[in-house]
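J.: What follows is a single structure, and I will ask about it in a moment.
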Protein chains: 2
Amino acid sequence: MTIERATLHEVAAAAGVSLASASRALTGGSASVAMVQKVRRAARRVGYVPDATARSLRLGGTRQVLFAVDDIGNLNYVAMLRAIEREFADTGIRLSVTTTGRDVEQTVALVQSMNMGVGDALIISPLRVSPSLRRALSELIVPVVVIGSLQGNVPVDMVRVDSGHAVQLAVEHLQSLGRRRIGFVNGPLNTNPGVSRRHGYLAAMEAAGIAVDGCFMEIATDFTIKAGRAAGQRILDRCGEMGLDAIVGGNDLLAVGIINACLAAGLRVPHDIAVTGVDDTEYAASYNPSITTVSLQSAERGRLAAQLLLARFEDPTRPPETATVMPSLVARSSTQSGDVNVD
Amino acid sequence: MTIERATLHEVAAAAGVSLASASRALTGGSASVAMVQKVRRAARRVGYVPDATARSLRLGGTRQVLFAVDDIGNLNYVAMLRAIEREFADTGIRLSVTTTGRDVEQTVALVQSMNMGVGDALIISPLRVSPSLRRALSELIVPVVVIGSLQGNVPVDMVRVDSGHAVQLAVEHLQSLGRRRIGFVNGPLNTNPGVSRRHGYLAAMEAAGIAVDGCFMEIATDFTIKAGRAAGQRILDRCGEMGLDAIVGGNDLLAVGIINACLAAGLRVPHDIAVTGVDDTEYAASYNPSITTVSLQSAERGRLAAQLLLARFEDPTRPPETATVMPSLVARSSTQSGDVNVD
DNA sequence: TTGAAAGCGGTACCAT
DNA sequence: ATGGTACCGCTTTCAA
């Protein structure tokens with residue numbers, strides 16, 4: 001029961017060798033078999049555990065990468081996380097997740113803290129991007145990969161997906177099914193996805209030659225189930241009698257909330273009203289009815305982000321690269337009558 | 001566009017003062033107003049950012065706490081996480097999450113790495129507990145709080161809940177509703193929750209004087225939706241014709257999977273068969289039908305864990321404490337016909 | 001108040 | 001192959 005941790009000094013002393021030899025014997029430098037044995041034994045005897053902080057200081061780098069997301073309660077980010085972890089599996093890199101939450105300035109603070117050497121690199125998927133965040137990101141000394149878009153041209157590696165196009169696919173799918181009065185429950189407009197998904201909705205409606213009734217659009221206070229339900233209730237109250245026959249949710253969480261609201265209002269999904277989501281998380285696949293959604297390839301985006309980072313570790317001078325993935329529709333029961341939980 | 005970070009040395013040089021003075025001026029030691037001004041200005045000029053690693057080495061501690069969970073895709077853990085974050089909000093502690101995953105030895109490795117000073121403390125909620133994990137935990141030099149149970153008597157702070165009793169509550173609820181042939185889809189038996197929930201089920205059935213038909217019990221390969229669906233299918237195939245009128249799921253994820261299986265089999269929930277979960281995550285509340293579940297007070301457990309840790313930071317010598325919370329039933333639509341999504 | 005210097009725990013270069 | 005030592009960047013005695 002050691003209460004104080006032993007240092008390498010003590011190991012060296014216990015083994016009767018020099019500090020340098022002890023270090024080499026343990027980390028695998030040139031050392032004789034006898035030396036290695038002696039030191040190893042001594043290390044075990046005194047209960048030696050190397051100090052990560054000291055090592056990091058000397059080596060100039062923690063072997064830690066941070067993954068920052070707004071809401072880890074969103075399975076979308078969990079999918080990214082898992083993919084990143086897999087990619088880092090044999091690299092000796094420790095991935096740790098931090099949630100940044102609603103406040104952009106909190107995110108900015110996190111990004112800035114990276115320059116203090118809290119981690120060797122950052123993978124970040126920000127919902128809201130402010131000028132201050134853009135600045136913080138461009139002032140970053142450590143490598144960073146952004147999953148999402150940044151608006152300005154910050155010279156960093158990025159992984160993108162056109163989520164506006166994703167909404168467009170959803171709308172077109174609904175139209176092809178004969179739905180005409182298609183509402184849209186979006187997430188907050190002060191987020192990047194909120195803005196681009198709005199564009200997608202408007203573009204699709206316009207392309208179909210359908211006049212967009214402003215009251216068919218509703219904005220949830222957040223990309224969450226709860227907010228989706230509240231917003232769903234509002235849009236139903238406001239234009240339920242106007243023949244609304246479909247609602248596009250800004251993401252899967254919103255879609256779940258919207259369906260909640262529909263069911264509570266006595267509407268059948270999809271018979272009376274069709275609902276779609278975006279993200280293709282497990283929520284969508286396992287809900288009742290299973291939810292038609294548009295995959296944003298979260299796992300693939302996570303994988304690409306990790307690879308981009310690894311490539312930059314290899315060659316820090318390579319020019320910033322942007323990888324892009326394509327959204328793809330996943331049709332399920334919330335838009336087409338048919339089997340429940342087709343998967 | 002600084003490519004190299006400036007050190008305190010350079011700040012001192014730029015300000016024409018000593019290293020010591022620069023340090024004091026920046027961190028708030030005794031320094032004259034003029035000195036502070038001079039140094040601050042110099043720091044800004046050279047773009048100085050303190051190095052967290054060096055500071056940690058000198059101060060003997062990163063201000064970082066690790067939260068380790070098996071599956072961050074389970075909202076149960078997300079609830080704990082949020083509560084912990086809230087508790088740490090004003091403490092200057094950075095919380096970072098690491099997922100340990102299926103393999104116990106991976107968890108053991110993580111725990112051991114704590115002794116290398118990767119973090120100042122650990123909050124861990126392990127699903128599977130092996131002797132090696134128990135040993136690793138008791139050999140830990142840094143403070144640790146375990147959310148869950150450990151079996152042996154490892155002298156660490158703990159937050160517990162009797163999840164066996166939770167299942168018991170679920171079974172009793174079903175019985176009070178007139179259900180008699182109650183099946184149980186459990187998680188893996190090599191997990192602590194799996195074992196205690198099994199006891200809970202058996203105890204409740206016995207207390208009701210109902211002979212437990214072994215074939216009414218099924219074990220999912222994991223506490224996930226997918227595994228729940230597969231296990232649900234199995235139990236339905238095996239004894240659907242035996243008048244099964246309720247299934248208790250080992251947790252909410254399993255319950256969702258079970259309902260998926262029931263619906264796919266053409267069964268109506270709760271009319272033909274009632275289903276319950278455990279954890280009271282948002283899944284349960286927002287599913288269709290809303291799922292009756294037993295709250296394990298995850299948020300409260302997270303809060304308690306954080307407080308226990310804070311208390312130990314205050315007084316490292318205090319005896320290990322175990323906080324306990326009580327499970328409580330949350331009745332919803334998956335067991336009682338009635339409104340959809342009563343919440 | 002200020003400066004010089006001793007570490008915090010390792011790693012790696014330099015001779016030997 | 002081994003030992004001596006400088007040093008990673010910062011904080012904190014100790015004197016002046």
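Chain identifiers are assigned as A, B, and so on, following the order in which chains appear in the structure tokens; residues are numbered from 1 within each chain, and ligands are numbered from 1 in order of appearance.
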Can you state the RMSD, in Å, between chain B and chain A once they are superposed by least squares on every Cα paired in order?
T.: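 After superposition, the RMSD is 0.2 Å.
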J.: Find the residues of chain A in contact range of chain D, meaning any atom within 9 Å when counting only C-alpha atoms (C1' of nucleotides), and list them as a list of chain:residue names.
T.: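 Therefore, the residues near the partner are A:Val17, A:Ser18, A:Leu19, A:Ala20, A:Ser21, A:Ser30, A:Ala31, A:Ser32, A:Ala54, A:Ser56, A:Leu57, A:Arg58, A:Leu59, A:Gly60.
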J.: Please extract the residues of segment 241-279 of chain A with a backbone DSSP assignment of helix (DSSP H, G or I) and present them as a ChimeraX atom specification.
T.: /A:241-242,252-264
J.: Do me a favour and pick out the residues of chain A within 8 Å of chain B, using only C-alpha atoms, as an MDAnalysis selection string.
T.: chainID A and resid 1 3:5 49:54 56:57 72:73 75 78 95:98 115:118 139 141 225 256:257 260 263:264 286:289 340:341
J.: Would you kindly report the residues of chain C within 7 Å of chain B, using only C-alpha atoms (C1' of nucleotides), as a list in words?
T.: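 Within 7 Å of chain B on chain C, we get DT1, DT2, DG3 and DC8 of chain C.
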J.: Find the residues near Gly228 of chain A: any atom within 10 Å, counting only C-alpha atoms (C1' of nucleotides), skip ones fewer than 3 places away on the same chain, and give them as a list in words.
T.: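 Contacts, with the query itself left out: Val185, Asn186, Gly187, Glu218, Ile219, Ala220, Thr221, Asp222, Phe223, Thr224, Ile225, Ala231, Gly232, Gln233, Arg234, Gly249, Gly250, Asn251, Asp252, Leu253, Leu254, Ala255, Val256, Gly257, Ile258, Ile259, Asn260 and Ala261 of chain A.
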J.: Write down as a list in words the residues belonging to segment 127-267 of chain B that are assigned strand (DSSP E) by DSSP computed on the backbone.
T.: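 So the strand (DSSP E) residues in segment 127-267 of chain B would be Val144, Val145, Val146, Ile147, Asp157, Met158, Val159, Arg160, Val161, Ile182, Gly183, Phe184, Val185, Asn186, Met217, Glu218, Ile219, Ala246, Ile247, Val248 and Gly249 of chain B.
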J.: Take the residues from that selection and write them out as a short mmCIF file (atom, residue, chain, number, x, y, z; two decimals), in the first residue's frame, keeping N, CA and C atoms.
T.:
```
data_model
loop_
_atom_site.label_atom_id
_atom_site.label_comp_id
_atom_site.auth_asym_id
_atom_site.auth_seq_id
_atom_site.Cartn_x
_atom_site.Cartn_y
_atom_site.Cartn_z
N VAL B 144 -11.18 8.04 -6.37
CA VAL B 144 -12.08 7.44 -7.35
C VAL B 144 -13.46 7.30 -6.72
N VAL B 145 -14.47 7.54 -7.51
CA VAL B 145 -15.84 7.30 -7.07
C VAL B 145 -16.45 6.30 -8.04
N VAL B 146 -17.01 5.24 -7.48
CA VAL B 146 -17.63 4.22 -8.33
C VAL B 146 -19.14 4.39 -8.28
N ILE B 147 -19.73 4.51 -9.45
CA ILE B 147 -21.19 4.53 -9.53
C ILE B 147 -21.60 3.12 -9.92
N ASP B 157 -15.14 5.53 -2.42
CA ASP B 157 -16.46 6.15 -2.38
C ASP B 157 -17.35 5.53 -3.44
N MET B 158 -18.59 5.33 -3.09
CA MET B 158 -19.51 4.71 -4.05
C MET B 158 -20.88 5.38 -4.03
N VAL B 159 -21.55 5.26 -5.17
CA VAL B 159 -22.94 5.67 -5.25
C VAL B 159 -23.71 4.47 -5.74
N ARG B 160 -24.66 4.03 -4.98
CA ARG B 160 -25.37 2.81 -5.34
C ARG B 160 -26.86 3.00 -5.50
N VAL B 161 -27.43 2.01 -6.15
CA VAL B 161 -28.88 1.94 -6.26
C VAL B 161 -29.18 0.46 -6.40
N ILE B 182 -45.30 -13.17 -16.95
CA ILE B 182 -44.35 -12.07 -17.15
C ILE B 182 -42.96 -12.57 -17.49
N GLY B 183 -42.52 -12.26 -18.70
CA GLY B 183 -41.18 -12.66 -19.12
C GLY B 183 -40.14 -11.62 -18.73
N PHE B 184 -38.89 -11.98 -18.88
CA PHE B 184 -37.82 -11.06 -18.50
C PHE B 184 -36.69 -11.15 -19.52
N VAL B 185 -36.41 -10.04 -20.16
CA VAL B 185 -35.27 -10.00 -21.07
C VAL B 185 -34.17 -9.21 -20.38
N ASN B 186 -33.19 -9.94 -19.96
CA ASN B 186 -32.12 -9.35 -19.15
C ASN B 186 -30.91 -9.00 -20.02
N MET B 217 -37.30 -16.49 -19.32
CA MET B 217 -36.16 -15.59 -19.16
C MET B 217 -35.25 -15.69 -20.38
N GLU B 218 -34.86 -14.55 -20.85
CA GLU B 218 -34.00 -14.50 -22.02
C GLU B 218 -32.88 -13.50 -21.74
N ILE B 219 -31.73 -13.78 -22.32
CA ILE B 219 -30.61 -12.89 -22.07
C ILE B 219 -30.11 -12.24 -23.35
N ALA B 246 -46.61 -10.08 -20.67
CA ALA B 246 -45.77 -8.94 -20.30
C ALA B 246 -44.30 -9.32 -20.39
N ILE B 247 -43.47 -8.34 -20.72
CA ILE B 247 -42.02 -8.57 -20.71
C ILE B 247 -41.35 -7.41 -19.99
N VAL B 248 -40.52 -7.77 -19.04
CA VAL B 248 -39.73 -6.75 -18.34
C VAL B 248 -38.37 -6.66 -19.04
N GLY B 249 -38.01 -5.49 -19.46
CA GLY B 249 -36.71 -5.30 -20.10
C GLY B 249 -35.68 -4.88 -19.06
#
```
J.: I'd like the interatomic distance between atom CA of Arg312 of chain B and atom CA of Arg45 of chain A, to a tenth of an Å.
T.: 28.7 Å
J.: Hey, can you check how far atom CA of Lys38 of chain A sits from atom CA of Gln106 of chain B?
T.: 28.7 Å
J.: Can you measure atom CA of Ala22 of chain B to atom C1' of DG7 of chain C for me? One decimal in Å is fine.
T.: 18.2 Å
